[in-house]
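What follows is a single structure, written as structure tokens, with notes after it.
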Amino acid sequence: MRESLAATLTIFKKDLRSEMRTRYALNALLMFVITTLSIILFSIGNENVSPELLSGVLWIIIFFSTMSGLSRTFVSEEERGTVMTLHLIAKPLSIYFGKLLFNLLLLGGLNIFTVLLYLLFVSGFTVLNYSIFVTTIILGTLGLASGSTIIAAIIAKANTKGTLYPVLSFPILLPLLLTVINATKLSVSGAQFSESFGEFQILISYLVVLTAISFLLFEYIWKE
Amino acid sequence: MLLKLLLGLWLTLIIIAGFSFPITETPTNWYDLPFVPGLEDKARIIFFHVPMAWVTTLAFIISLIYGIKYLAKKEIDHDLISSSSAGLGLMFCILATVTGSLWAKFTWGSFWNWDPRETSIFVLLLIYGAYFALRSAIEGEEKKATLSAVYAIIAGITVPFFIFIMPRIVEGLHPNEAIVSKGKISMNRTMLVIFLSSLSGFTALFFWILNLRVRTERLEHKQSLKGD
Amino acid sequence: MNEIIFKTEGLAKTFNRRKIFKDISFELKENSSLAITGKNGSGKSTLLKILSGILSPTRGSIEMNIGGKIIRHDSYFKKLGLVSPYLQLYDEFTGQENLELFRDIRGIEATDNYIEDLLKLFKLWERRDDFVRTYSSGMKQRLKYAFALLHNPSILLLDEPRSNLDAEGIETVYKIMEEQKKRGILIVATNDSEDIEHCEQLIDLNKQETSGK
Ligand SMILES: Nc1ncnc2c1ncn2[C@@H]1O[C@H](COP(=O)(O)OP(=O)(O)OP(=O)(O)O)[C@@H](O)[C@H]1O
Ligand SMILES: [Mg+2]
């Protein structure tokens, strides 16, 4: 058990170091967010857009940036043929959790960046209840990382990886997306923290269920 | 053979009855159907749409069960059943979506309204679509079977979430509130009989086609083994 | 010395309904070696992947027993080393970083000295701080040997052991093969007669029978 945990952390560190050296995912992701955000700013122009609608738009940016970068960890191992090496040095579960941790960090950083830019530049978007907002971003990031990591493991084994990723992820992530959008709407409409308990319950159970099922099924994906 | 004819006859009778039995405010004759305010003649859709939606769900569950069986035993026959069932499920899902949205157009005024049940069927449609997109993108029979089974399980696990999520987002428009009022079904006996016959008829139809498909797939499989 | 038993029973692999091989059964104890030969495409590499737990067999079973304990399938990697043309190490790390990384992920006690020894043995010490992406194919092959020996495996699997190596490299490999036989089990997939001479038993996948030599 302790051994697997250490392996998990080392795999996480390996991915992190590899990312720092190659910047495969990070640069592209940051540019993706900036580009998308500027398109949205252009199209808003001087219009008055309701903060409720802007809550949805925020998560659209987050969803698509997730889809453009989070498959990297698995796909790059598969493309470079290092999957076999990983097979020979660690248990599947250490690999899964190492990758999950890396994706979590990547997505967490990315979402902080996205949300800050969004709050700064999208003038119609004013959060009235920050405790709901921050909790939503945190739980949303956790669930999104969990869902997109297991799908990334699946599509890494397929031929048309890029286009397939959002196609497979969308139905799985939809419950999460609908709920975070709803919770974000509550945060901009000035609801009390307790009013969003229902949403948070759903987000937490989603996270637990999805991580548990990934934990159980990853071995089937990993071992051919 | 006989069963096939019987099934054909069964479904024909249901279609005739479903379309032609009169709807009256006060059902007296055995063939009278009850009047549901706001639905009128449009209530007849229940005989076709609901069984299709039911078969869609059933097909998904069967596909899921055989997917799990495949992962446990790695017998390609289980994948064959699983994917055949999913194929039929996709077909019935499209039918259910089309019948549902046609009906919605005439009742609610637009083809699509994001009613909770519409959403769930839409999500099933997306999952079925993704499932087959995944299958066609994987080379190698075993890999295809394993990964699509895993995907079906993950997708299946997320579907129940919609039961909790959808009521928070939109209010239901779906008419089961009208027909199934407060747990008591306000169909009269005739309507119920036709409805249940239709449900069982379509279920039998599903199993019959599934059986055919699985048998052809098995033959194809055998054929390709001999080919080597 | 721990007792090592590595045996298979009725291993078969089918790819897309195409039977690659069937009924591979053998039993190896410590200090023994096995050569696997066969034409191109006969399934040598596939068999080694199955033995090392990367691929699952379509039928049949593998058992690894070390010091009286049955090793679980998901722990095979701790006991065996594999050198194969299909293996790729991390391009964006240096040779030494690769080995340190594998040591840390495995969670083993290999000291820096041991890594240094391995790098020197395979004549990579001078180039230890260069990225693997800049290595020649022979250097990469040498690094794979260091990778496979890092944890002193009880069972060493070599797929085409000589590929890309120069005469000196081949000498080193033969030395390692001899040492491995003293320490545990050696399995080599090859069609080279000199390689085969280093092994006591032979399986020809085109004939499908085990024979002593
Ligand atoms: N992932 C795969 N999917 C489908 N077929 C495969 C796969 N891997 C290998 N094969 C097939 O399995 C057979 C055996 O391949 P393998 O690489 O084991 O042969 P080999 O004996 O190592 O050949 P060589 O002497 O050329 O190294 C080949 O016919 C190959 O086409
Ligand atoms: Mg080979």
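By order of appearance in the structure tokens: chains A, B, ..., then residues from 1 within every chain, and ligands from 1 in the order shown.
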Near segment 77-85 of chain B, within 8 Å and counting only C-alpha atoms, which residues show up once chain neighbours fewer than 2 positions away are dropped, as a PDB file with C-alpha atoms, in the first residue's frame?
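See result.pdb below for the written result:
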```
ATOM      1  CA  ALA B  59     -31.398  -2.611 -24.580  1.00  0.00           C
ATOM      2  CA  PHE B  60     -28.913  -0.435 -22.746  1.00  0.00           C
ATOM      3  CA  ILE B  62     -28.750  -5.758 -21.498  1.00  0.00           C
ATOM      4  CA  SER B  63     -25.769  -4.295 -23.288  1.00  0.00           C
ATOM      5  CA  LEU B  64     -24.350  -3.265 -19.925  1.00  0.00           C
ATOM      6  CA  ILE B  65     -24.883  -6.689 -18.335  1.00  0.00           C
ATOM      7  CA  TYR B  66     -23.187  -8.500 -21.200  1.00  0.00           C
ATOM      8  CA  GLY B  67     -20.399  -5.929 -21.191  1.00  0.00           C
ATOM      9  CA  LYS B  69     -19.914 -10.450 -18.357  1.00  0.00           C
ATOM     10  CA  TYR B  70     -17.368  -9.938 -21.105  1.00  0.00           C
ATOM     11  CA  LYS B  74     -13.429 -12.458 -21.844  1.00  0.00           C
ATOM     12  CA  GLU B  75     -15.701 -14.480 -24.066  1.00  0.00           C
ATOM     13  CA  GLY B  87     -27.219  -1.392 -31.920  1.00  0.00           C
ATOM     14  CA  LEU B  88     -30.905  -2.104 -31.470  1.00  0.00           C
ATOM     15  CA  GLY B  89     -31.010   0.271 -28.542  1.00  0.00           C
ATOM     16  CA  ALA B 145     -14.851  -5.354 -26.722  1.00  0.00           C
ATOM     17  CA  ALA B 149     -17.695  -2.451 -22.225  1.00  0.00           C
ATOM     18  CA  LEU B 210     -31.757  -9.289 -30.989  1.00  0.00           C
ATOM     19  CA  ARG B 213     -28.755 -10.329 -34.961  1.00  0.00           C
ATOM     20  CA  VAL B 214     -26.786 -12.359 -32.479  1.00  0.00           C
ATOM     21  CA  GLU B 217     -23.091 -12.268 -35.945  1.00  0.00           C
ATOM     22  CA  ARG B 218     -22.165 -15.689 -34.571  1.00  0.00           C
TER      23      ARG B 218
END
```
Exercise. What lies within 12 Å of Glu171 of chain C using only C-alpha atoms, ignoring chain neighbours under 5 positions off, as a PyMOL selection string?
Worked result: chain C and resi 121-122+161-162+165-166+176-178+194-195
For this session: Name all residues at most 12 Å from Gly169 of chain C (count only C-alpha atoms; drop same-chain ones fewer than 5 positions away) and give them as a PyMOL selection string.
Result: chain C and resi 121-124+138-143+145+161-164+174-176
Store the residues picked out above, limited to N, CA, C and O atoms, as an mmCIF file, in the first residue's frame.
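Output saved as again24.cif:
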```cif
data_model
loop_
_atom_site.group_PDB
_atom_site.id
_atom_site.type_symbol
_atom_site.label_atom_id
_atom_site.label_comp_id
_atom_site.auth_asym_id
_atom_site.auth_seq_id
_atom_site.Cartn_x
_atom_site.Cartn_y
_atom_site.Cartn_z
ATOM 1 N N LEU C 121 29.037 -0.080 -17.010
ATOM 2 C CA LEU C 121 29.055 -1.393 -17.655
ATOM 3 C C LEU C 121 28.617 -1.281 -19.112
ATOM 4 O O LEU C 121 29.178 -1.916 -19.997
ATOM 5 N N PHE C 122 27.625 -0.459 -19.347
ATOM 6 C CA PHE C 122 27.104 -0.338 -20.705
ATOM 7 C C PHE C 122 27.689 0.861 -21.452
ATOM 8 O O PHE C 122 27.132 1.291 -22.458
ATOM 9 N N LYS C 123 28.771 1.376 -20.941
ATOM 10 C CA LYS C 123 29.503 2.452 -21.628
ATOM 11 C C LYS C 123 28.626 3.677 -21.899
ATOM 12 O O LYS C 123 28.660 4.252 -22.982
ATOM 13 N N LEU C 124 27.821 4.000 -20.913
ATOM 14 C CA LEU C 124 26.957 5.173 -21.086
ATOM 15 C C LEU C 124 27.307 6.269 -20.087
ATOM 16 O O LEU C 124 26.692 7.325 -20.070
ATOM 17 N N GLY C 138 21.945 2.074 -30.766
ATOM 18 C CA GLY C 138 22.696 1.137 -29.931
ATOM 19 C C GLY C 138 22.765 1.607 -28.487
ATOM 20 O O GLY C 138 22.661 0.805 -27.551
ATOM 21 N N MET C 139 22.933 2.921 -28.303
ATOM 22 C CA MET C 139 22.970 3.447 -26.927
ATOM 23 C C MET C 139 21.636 3.246 -26.230
ATOM 24 O O MET C 139 21.576 2.946 -25.041
ATOM 25 N N LYS C 140 20.570 3.422 -27.006
ATOM 26 C CA LYS C 140 19.252 3.200 -26.407
ATOM 27 C C LYS C 140 19.102 1.741 -25.983
ATOM 28 O O LYS C 140 18.567 1.445 -24.911
ATOM 29 N N GLN C 141 19.593 0.838 -26.826
ATOM 30 C CA GLN C 141 19.519 -0.577 -26.487
ATOM 31 C C GLN C 141 20.311 -0.861 -25.198
ATOM 32 O O GLN C 141 19.864 -1.593 -24.333
ATOM 33 N N ARG C 142 21.465 -0.232 -25.062
ATOM 34 C CA ARG C 142 22.263 -0.425 -23.854
ATOM 35 C C ARG C 142 21.507 0.080 -22.618
ATOM 36 O O ARG C 142 21.508 -0.561 -21.569
ATOM 37 N N LEU C 143 20.873 1.223 -22.791
ATOM 38 C CA LEU C 143 20.134 1.782 -21.658
ATOM 39 C C LEU C 143 18.978 0.861 -21.246
ATOM 40 O O LEU C 143 18.654 0.744 -20.063
ATOM 41 N N TYR C 145 19.083 -2.310 -21.278
ATOM 42 C CA TYR C 145 19.658 -3.346 -20.413
ATOM 43 C C TYR C 145 19.804 -2.839 -18.986
ATOM 44 O O TYR C 145 19.502 -3.550 -18.030
ATOM 45 N N PRO C 161 18.235 -9.942 -28.352
ATOM 46 C CA PRO C 161 19.184 -9.298 -27.439
ATOM 47 C C PRO C 161 20.288 -8.518 -28.138
ATOM 48 O O PRO C 161 20.811 -7.552 -27.580
ATOM 49 N N ARG C 162 20.617 -8.890 -29.352
ATOM 50 C CA ARG C 162 21.777 -8.250 -29.978
ATOM 51 C C ARG C 162 21.416 -7.018 -30.787
ATOM 52 O O ARG C 162 22.324 -6.353 -31.315
ATOM 53 N N SER C 163 20.143 -6.713 -30.941
ATOM 54 C CA SER C 163 19.815 -5.699 -31.945
ATOM 55 C C SER C 163 20.526 -4.371 -31.690
ATOM 56 O O SER C 163 20.553 -3.862 -30.570
ATOM 57 N N ASN C 164 21.112 -3.858 -32.737
ATOM 58 C CA ASN C 164 21.812 -2.566 -32.745
ATOM 59 C C ASN C 164 23.109 -2.511 -31.952
ATOM 60 O O ASN C 164 23.708 -1.444 -31.825
ATOM 61 N N TYR C 174 26.321 -11.211 -23.483
ATOM 62 C CA TYR C 174 26.546 -12.637 -23.193
ATOM 63 C C TYR C 174 26.997 -12.842 -21.760
ATOM 64 O O TYR C 174 26.621 -13.800 -21.099
ATOM 65 N N LYS C 175 27.808 -11.897 -21.291
ATOM 66 C CA LYS C 175 28.258 -11.991 -19.902
ATOM 67 C C LYS C 175 27.047 -11.903 -18.961
ATOM 68 O O LYS C 175 26.909 -12.675 -18.011
ATOM 69 N N ILE C 176 26.151 -10.986 -19.304
ATOM 70 C CA ILE C 176 24.953 -10.813 -18.476
ATOM 71 C C ILE C 176 24.069 -12.047 -18.523
ATOM 72 O O ILE C 176 23.531 -12.492 -17.508
#
```
List as a PDB file with all heavy atoms, in the first residue's frame the protein and nucleic acid residues near segment 186-195 of chain A, meaning an atom at most 10 Å away when only C-alpha atoms are counted, but skip any in the same chain fewer than 3 places from it.
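See out_22.pdb below for the written result:
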```pdb
ATOM      1  N   SER A  50     -26.889  38.605 -19.190  1.00  0.00           N
ATOM      2  CA  SER A  50     -27.199  38.309 -17.793  1.00  0.00           C
ATOM      3  C   SER A  50     -26.101  37.446 -17.184  1.00  0.00           C
ATOM      4  O   SER A  50     -25.503  36.619 -17.862  1.00  0.00           O
ATOM      5  CB  SER A  50     -28.531  37.573 -17.700  1.00  0.00           C
ATOM      6  OG  SER A  50     -28.352  36.240 -18.101  1.00  0.00           O
ATOM      7  N   PRO A  51     -25.823  37.680 -15.888  1.00  0.00           N
ATOM      8  CA  PRO A  51     -24.778  36.879 -15.226  1.00  0.00           C
ATOM      9  C   PRO A  51     -25.112  35.388 -15.245  1.00  0.00           C
ATOM     10  O   PRO A  51     -24.203  34.564 -15.268  1.00  0.00           O
ATOM     11  CB  PRO A  51     -24.767  37.410 -13.787  1.00  0.00           C
ATOM     12  CG  PRO A  51     -25.806  38.450 -13.693  1.00  0.00           C
ATOM     13  CD  PRO A  51     -26.395  38.704 -15.028  1.00  0.00           C
ATOM     14  N   GLU A  52     -26.409  35.034 -15.272  1.00  0.00           N
ATOM     15  CA  GLU A  52     -26.785  33.621 -15.334  1.00  0.00           C
ATOM     16  C   GLU A  52     -26.259  32.977 -16.614  1.00  0.00           C
ATOM     17  O   GLU A  52     -25.710  31.889 -16.600  1.00  0.00           O
ATOM     18  CB  GLU A  52     -28.310  33.448 -15.250  1.00  0.00           C
ATOM     19  CG  GLU A  52     -28.879  33.480 -13.843  1.00  0.00           C
ATOM     20  CD  GLU A  52     -29.028  34.901 -13.312  1.00  0.00           C
ATOM     21  OE1 GLU A  52     -28.808  35.856 -14.096  1.00  0.00           O
ATOM     22  OE2 GLU A  52     -29.366  35.059 -12.115  1.00  0.00           O
ATOM     23  N   LEU A  54     -23.820  34.104 -18.400  1.00  0.00           N
ATOM     24  CA  LEU A  54     -22.350  34.109 -18.359  1.00  0.00           C
ATOM     25  C   LEU A  54     -21.804  32.964 -17.504  1.00  0.00           C
ATOM     26  O   LEU A  54     -20.691  32.496 -17.733  1.00  0.00           O
ATOM     27  CB  LEU A  54     -21.848  35.453 -17.828  1.00  0.00           C
ATOM     28  CG  LEU A  54     -22.037  36.611 -18.812  1.00  0.00           C
ATOM     29  CD1 LEU A  54     -21.696  37.931 -18.146  1.00  0.00           C
ATOM     30  CD2 LEU A  54     -21.203  36.426 -20.067  1.00  0.00           C
ATOM     31  N   SER A  55     -22.619  32.500 -16.519  1.00  0.00           N
ATOM     32  CA  SER A  55     -22.190  31.340 -15.732  1.00  0.00           C
ATOM     33  C   SER A  55     -22.016  30.133 -16.637  1.00  0.00           C
ATOM     34  O   SER A  55     -21.056  29.372 -16.507  1.00  0.00           O
ATOM     35  CB  SER A  55     -23.235  30.976 -14.682  1.00  0.00           C
ATOM     36  OG  SER A  55     -23.599  32.094 -13.946  1.00  0.00           O
ATOM     37  N   PHE A 125     -20.239  39.760 -15.305  1.00  0.00           N
ATOM     38  CA  PHE A 125     -20.208  38.588 -14.438  1.00  0.00           C
ATOM     39  C   PHE A 125     -19.764  38.983 -13.029  1.00  0.00           C
ATOM     40  O   PHE A 125     -18.574  39.145 -12.762  1.00  0.00           O
ATOM     41  CB  PHE A 125     -19.247  37.549 -15.029  1.00  0.00           C
ATOM     42  CG  PHE A 125     -19.272  36.229 -14.305  1.00  0.00           C
ATOM     43  CD1 PHE A 125     -20.346  35.361 -14.436  1.00  0.00           C
ATOM     44  CD2 PHE A 125     -18.211  35.855 -13.495  1.00  0.00           C
ATOM     45  CE1 PHE A 125     -20.364  34.145 -13.780  1.00  0.00           C
ATOM     46  CE2 PHE A 125     -18.228  34.631 -12.823  1.00  0.00           C
ATOM     47  CZ  PHE A 125     -19.306  33.786 -12.975  1.00  0.00           C
ATOM     48  N   THR A 126     -20.735  39.222 -12.147  1.00  0.00           N
ATOM     49  CA  THR A 126     -20.366  39.587 -10.780  1.00  0.00           C
ATOM     50  C   THR A 126     -20.882  38.533  -9.815  1.00  0.00           C
ATOM     51  O   THR A 126     -22.072  38.253  -9.760  1.00  0.00           O
ATOM     52  CB  THR A 126     -20.973  40.948 -10.396  1.00  0.00           C
ATOM     53  OG1 THR A 126     -22.276  41.006 -10.973  1.00  0.00           O
ATOM     54  CG2 THR A 126     -20.131  42.092 -10.862  1.00  0.00           C
ATOM     55  N   VAL A 127     -19.949  37.983  -9.075  1.00  0.00           N
ATOM     56  CA  VAL A 127     -20.310  36.937  -8.124  1.00  0.00           C
ATOM     57  C   VAL A 127     -20.791  37.590  -6.840  1.00  0.00           C
ATOM     58  O   VAL A 127     -20.124  38.471  -6.301  1.00  0.00           O
ATOM     59  CB  VAL A 127     -19.090  36.046  -7.847  1.00  0.00           C
ATOM     60  CG1 VAL A 127     -19.412  35.025  -6.773  1.00  0.00           C
ATOM     61  CG2 VAL A 127     -18.646  35.345  -9.120  1.00  0.00           C
ATOM     62  N   LEU A 128     -21.977  37.199  -6.374  1.00  0.00           N
ATOM     63  CA  LEU A 128     -22.496  37.775  -5.133  1.00  0.00           C
ATOM     64  C   LEU A 128     -22.153  36.915  -3.928  1.00  0.00           C
ATOM     65  O   LEU A 128     -21.981  37.412  -2.826  1.00  0.00           O
ATOM     66  CB  LEU A 128     -24.009  37.959  -5.229  1.00  0.00           C
ATOM     67  CG  LEU A 128     -24.449  38.958  -6.310  1.00  0.00           C
ATOM     68  CD1 LEU A 128     -25.960  39.042  -6.376  1.00  0.00           C
ATOM     69  CD2 LEU A 128     -23.836  40.338  -6.049  1.00  0.00           C
ATOM     70  N   ASN A 129     -22.076  35.605  -4.145  1.00  0.00           N
ATOM     71  CA  ASN A 129     -21.749  34.732  -3.027  1.00  0.00           C
ATOM     72  C   ASN A 129     -20.491  33.933  -3.352  1.00  0.00           C
ATOM     73  O   ASN A 129     -20.537  32.916  -4.051  1.00  0.00           O
ATOM     74  CB  ASN A 129     -22.927  33.787  -2.744  1.00  0.00           C
ATOM     75  CG  ASN A 129     -22.712  32.996  -1.474  1.00  0.00           C
ATOM     76  OD1 ASN A 129     -21.582  32.673  -1.123  1.00  0.00           O
ATOM     77  ND2 ASN A 129     -23.793  32.672  -0.802  1.00  0.00           N
ATOM     78  N   TYR A 130     -19.361  34.427  -2.817  1.00  0.00           N
ATOM     79  CA  TYR A 130     -18.091  33.802  -3.177  1.00  0.00           C
ATOM     80  C   TYR A 130     -17.917  32.419  -2.575  1.00  0.00           C
ATOM     81  O   TYR A 130     -17.188  31.590  -3.127  1.00  0.00           O
ATOM     82  CB  TYR A 130     -16.908  34.705  -2.819  1.00  0.00           C
ATOM     83  CG  TYR A 130     -16.532  35.589  -3.973  1.00  0.00           C
ATOM     84  CD1 TYR A 130     -17.019  36.883  -4.079  1.00  0.00           C
ATOM     85  CD2 TYR A 130     -15.716  35.104  -4.993  1.00  0.00           C
ATOM     86  CE1 TYR A 130     -16.712  37.688  -5.159  1.00  0.00           C
ATOM     87  CE2 TYR A 130     -15.400  35.897  -6.082  1.00  0.00           C
ATOM     88  CZ  TYR A 130     -15.888  37.189  -6.157  1.00  0.00           C
ATOM     89  OH  TYR A 130     -15.578  37.952  -7.230  1.00  0.00           O
ATOM     90  N   SER A 131     -18.572  32.152  -1.425  1.00  0.00           N
ATOM     91  CA  SER A 131     -18.375  30.812  -0.860  1.00  0.00           C
ATOM     92  C   SER A 131     -19.013  29.754  -1.760  1.00  0.00           C
ATOM     93  O   SER A 131     -18.439  28.683  -1.962  1.00  0.00           O
ATOM     94  CB  SER A 131     -18.923  30.736   0.563  1.00  0.00           C
ATOM     95  OG  SER A 131     -20.237  31.224   0.593  1.00  0.00           O
ATOM     96  N   ILE A 132     -20.162  30.054  -2.347  1.00  0.00           N
ATOM     97  CA  ILE A 132     -20.745  29.102  -3.300  1.00  0.00           C
ATOM     98  C   ILE A 132     -19.840  28.981  -4.521  1.00  0.00           C
ATOM     99  O   ILE A 132     -19.527  27.888  -4.972  1.00  0.00           O
ATOM    100  CB  ILE A 132     -22.147  29.555  -3.773  1.00  0.00           C
ATOM    101  CG1 ILE A 132     -23.121  29.583  -2.601  1.00  0.00           C
ATOM    102  CG2 ILE A 132     -22.674  28.623  -4.859  1.00  0.00           C
ATOM    103  CD1 ILE A 132     -24.525  29.961  -3.004  1.00  0.00           C
ATOM    104  N   PHE A 133     -19.408  30.121  -5.003  1.00  0.00           N
ATOM    105  CA  PHE A 133     -18.622  30.140  -6.240  1.00  0.00           C
ATOM    106  C   PHE A 133     -17.341  29.320  -6.105  1.00  0.00           C
ATOM    107  O   PHE A 133     -17.058  28.434  -6.921  1.00  0.00           O
ATOM    108  CB  PHE A 133     -18.297  31.591  -6.608  1.00  0.00           C
ATOM    109  CG  PHE A 133     -17.600  31.736  -7.934  1.00  0.00           C
ATOM    110  CD1 PHE A 133     -18.267  31.459  -9.120  1.00  0.00           C
ATOM    111  CD2 PHE A 133     -16.273  32.144  -7.986  1.00  0.00           C
ATOM    112  CE1 PHE A 133     -17.632  31.599 -10.337  1.00  0.00           C
ATOM    113  CE2 PHE A 133     -15.628  32.286  -9.209  1.00  0.00           C
ATOM    114  CZ  PHE A 133     -16.314  32.011 -10.388  1.00  0.00           C
ATOM    115  N   VAL A 134     -16.591  29.586  -5.035  1.00  0.00           N
ATOM    116  CA  VAL A 134     -15.308  28.896  -4.863  1.00  0.00           C
ATOM    117  C   VAL A 134     -15.525  27.394  -4.653  1.00  0.00           C
ATOM    118  O   VAL A 134     -14.838  26.565  -5.262  1.00  0.00           O
ATOM    119  CB  VAL A 134     -14.514  29.520  -3.696  1.00  0.00           C
ATOM    120  CG1 VAL A 134     -13.283  28.698  -3.386  1.00  0.00           C
ATOM    121  CG2 VAL A 134     -14.118  30.947  -4.054  1.00  0.00           C
ATOM    122  N   THR A 135     -16.515  27.049  -3.818  1.00  0.00           N
ATOM    123  CA  THR A 135     -16.799  25.625  -3.615  1.00  0.00           C
ATOM    124  C   THR A 135     -17.145  24.949  -4.941  1.00  0.00           C
ATOM    125  O   THR A 135     -16.694  23.835  -5.229  1.00  0.00           O
ATOM    126  CB  THR A 135     -17.983  25.449  -2.640  1.00  0.00           C
ATOM    127  OG1 THR A 135     -17.814  26.348  -1.549  1.00  0.00           O
ATOM    128  CG2 THR A 135     -18.049  24.040  -2.116  1.00  0.00           C
ATOM    129  N   THR A 136     -17.954  25.647  -5.749  1.00  0.00           N
ATOM    130  CA  THR A 136     -18.331  25.071  -7.039  1.00  0.00           C
ATOM    131  C   THR A 136     -17.113  24.841  -7.926  1.00  0.00           C
ATOM    132  O   THR A 136     -16.977  23.789  -8.547  1.00  0.00           O
ATOM    133  CB  THR A 136     -19.306  26.014  -7.769  1.00  0.00           C
ATOM    134  OG1 THR A 136     -20.397  26.305  -6.904  1.00  0.00           O
ATOM    135  CG2 THR A 136     -19.826  25.378  -9.030  1.00  0.00           C
ATOM    136  N   VAL A 180     -22.726  22.147 -12.051  1.00  0.00           N
ATOM    137  CA  VAL A 180     -21.865  23.294 -11.744  1.00  0.00           C
ATOM    138  C   VAL A 180     -22.426  24.578 -12.340  1.00  0.00           C
ATOM    139  O   VAL A 180     -22.327  25.651 -11.733  1.00  0.00           O
ATOM    140  CB  VAL A 180     -20.394  23.103 -12.208  1.00  0.00           C
ATOM    141  CG1 VAL A 180     -19.671  22.136 -11.316  1.00  0.00           C
ATOM    142  CG2 VAL A 180     -20.292  22.696 -13.651  1.00  0.00           C
ATOM    143  N   ILE A 181     -23.042  24.464 -13.507  1.00  0.00           N
ATOM    144  CA  ILE A 181     -23.633  25.670 -14.100  1.00  0.00           C
ATOM    145  C   ILE A 181     -24.748  26.192 -13.189  1.00  0.00           C
ATOM    146  O   ILE A 181     -24.840  27.384 -12.892  1.00  0.00           O
ATOM    147  CB  ILE A 181     -24.157  25.380 -15.527  1.00  0.00           C
ATOM    148  CG1 ILE A 181     -22.970  25.139 -16.468  1.00  0.00           C
ATOM    149  CG2 ILE A 181     -25.013  26.537 -16.040  1.00  0.00           C
ATOM    150  CD1 ILE A 181     -23.355  24.709 -17.855  1.00  0.00           C
ATOM    151  N   ASN A 182     -25.544  25.244 -12.722  1.00  0.00           N
ATOM    152  CA  ASN A 182     -26.623  25.613 -11.814  1.00  0.00           C
ATOM    153  C   ASN A 182     -26.092  26.284 -10.542  1.00  0.00           C
ATOM    154  O   ASN A 182     -26.610  27.309 -10.097  1.00  0.00           O
ATOM    155  CB  ASN A 182     -27.389  24.345 -11.441  1.00  0.00           C
ATOM    156  CG  ASN A 182     -28.875  24.574 -11.485  1.00  0.00           C
ATOM    157  OD1 ASN A 182     -29.326  25.503 -12.149  1.00  0.00           O
ATOM    158  ND2 ASN A 182     -29.614  23.749 -10.778  1.00  0.00           N
ATOM    159  N   ALA A 183     -25.044  25.691  -9.980  1.00  0.00           N
ATOM    160  CA  ALA A 183     -24.482  26.236  -8.738  1.00  0.00           C
ATOM    161  C   ALA A 183     -23.853  27.605  -8.984  1.00  0.00           C
ATOM    162  O   ALA A 183     -23.962  28.513  -8.146  1.00  0.00           O
ATOM    163  CB  ALA A 183     -23.449  25.269  -8.173  1.00  0.00           C
ATOM    164  N   GLY A 198     -27.850  21.079  -2.221  1.00  0.00           N
ATOM    165  CA  GLY A 198     -28.278  20.024  -3.142  1.00  0.00           C
ATOM    166  C   GLY A 198     -27.261  19.823  -4.251  1.00  0.00           C
ATOM    167  O   GLY A 198     -26.847  18.705  -4.552  1.00  0.00           O
ATOM    168  N   GLU A 199     -26.827  20.941  -4.852  1.00  0.00           N
ATOM    169  CA  GLU A 199     -25.838  20.874  -5.926  1.00  0.00           C
ATOM    170  C   GLU A 199     -24.537  20.241  -5.429  1.00  0.00           C
ATOM    171  O   GLU A 199     -23.957  19.386  -6.083  1.00  0.00           O
ATOM    172  CB  GLU A 199     -25.538  22.276  -6.464  1.00  0.00           C
ATOM    173  CG  GLU A 199     -26.423  22.717  -7.617  1.00  0.00           C
ATOM    174  CD  GLU A 199     -27.852  22.976  -7.188  1.00  0.00           C
ATOM    175  OE1 GLU A 199     -28.070  23.252  -5.984  1.00  0.00           O
ATOM    176  OE2 GLU A 199     -28.752  22.892  -8.031  1.00  0.00           O
ATOM    177  N   PHE A 200     -24.108  20.677  -4.248  1.00  0.00           N
ATOM    178  CA  PHE A 200     -22.832  20.171  -3.738  1.00  0.00           C
ATOM    179  C   PHE A 200     -22.910  18.681  -3.446  1.00  0.00           C
ATOM    180  O   PHE A 200     -21.961  17.944  -3.698  1.00  0.00           O
ATOM    181  CB  PHE A 200     -22.398  20.940  -2.480  1.00  0.00           C
ATOM    182  CG  PHE A 200     -22.088  22.385  -2.768  1.00  0.00           C
ATOM    183  CD1 PHE A 200     -22.155  23.343  -1.776  1.00  0.00           C
ATOM    184  CD2 PHE A 200     -21.732  22.776  -4.051  1.00  0.00           C
ATOM    185  CE1 PHE A 200     -21.872  24.677  -2.055  1.00  0.00           C
ATOM    186  CE2 PHE A 200     -21.455  24.101  -4.340  1.00  0.00           C
ATOM    187  CZ  PHE A 200     -21.528  25.054  -3.338  1.00  0.00           C
TER     188      PHE A 200
END
```
Exercise. Ligand 2: which residues are within 9 Å, counting only C-alpha atoms and all ligand atoms, as JSON, numbers by chain?
Worked result: {"C": [40, 41, 42, 43, 44, 45, 46, 48, 84, 85, 86, 159, 160, 189, 190]}
Seminar exercise, completed: Using only C-alpha atoms and all ligand atoms, the residue out of C:Lys29, C:Lys49, C:His73, C:Arg106 with shortest distance to ligand 1 is C:Lys49
Exercise. Which polymer residues have any atom within 7 Å of an atom of segment 88-92 of chain C, counting only C-alpha atoms, with same-chain residues fewer than 3 positions away left out, as an NGL selection string?
Worked result: (:A and (18 or 81-82 or 85)) or (:C and (98 or 131-133))
For this session: Report the distance between atom CA of Ile155 of chain C and atom CA of Ile115 of chain C in Å, rounded to one decimal place.
Result: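 Atom-to-atom, atom CA of Ile155 of chain C and atom CA of Ile115 of chain C are spaced 19.5 Å apart.
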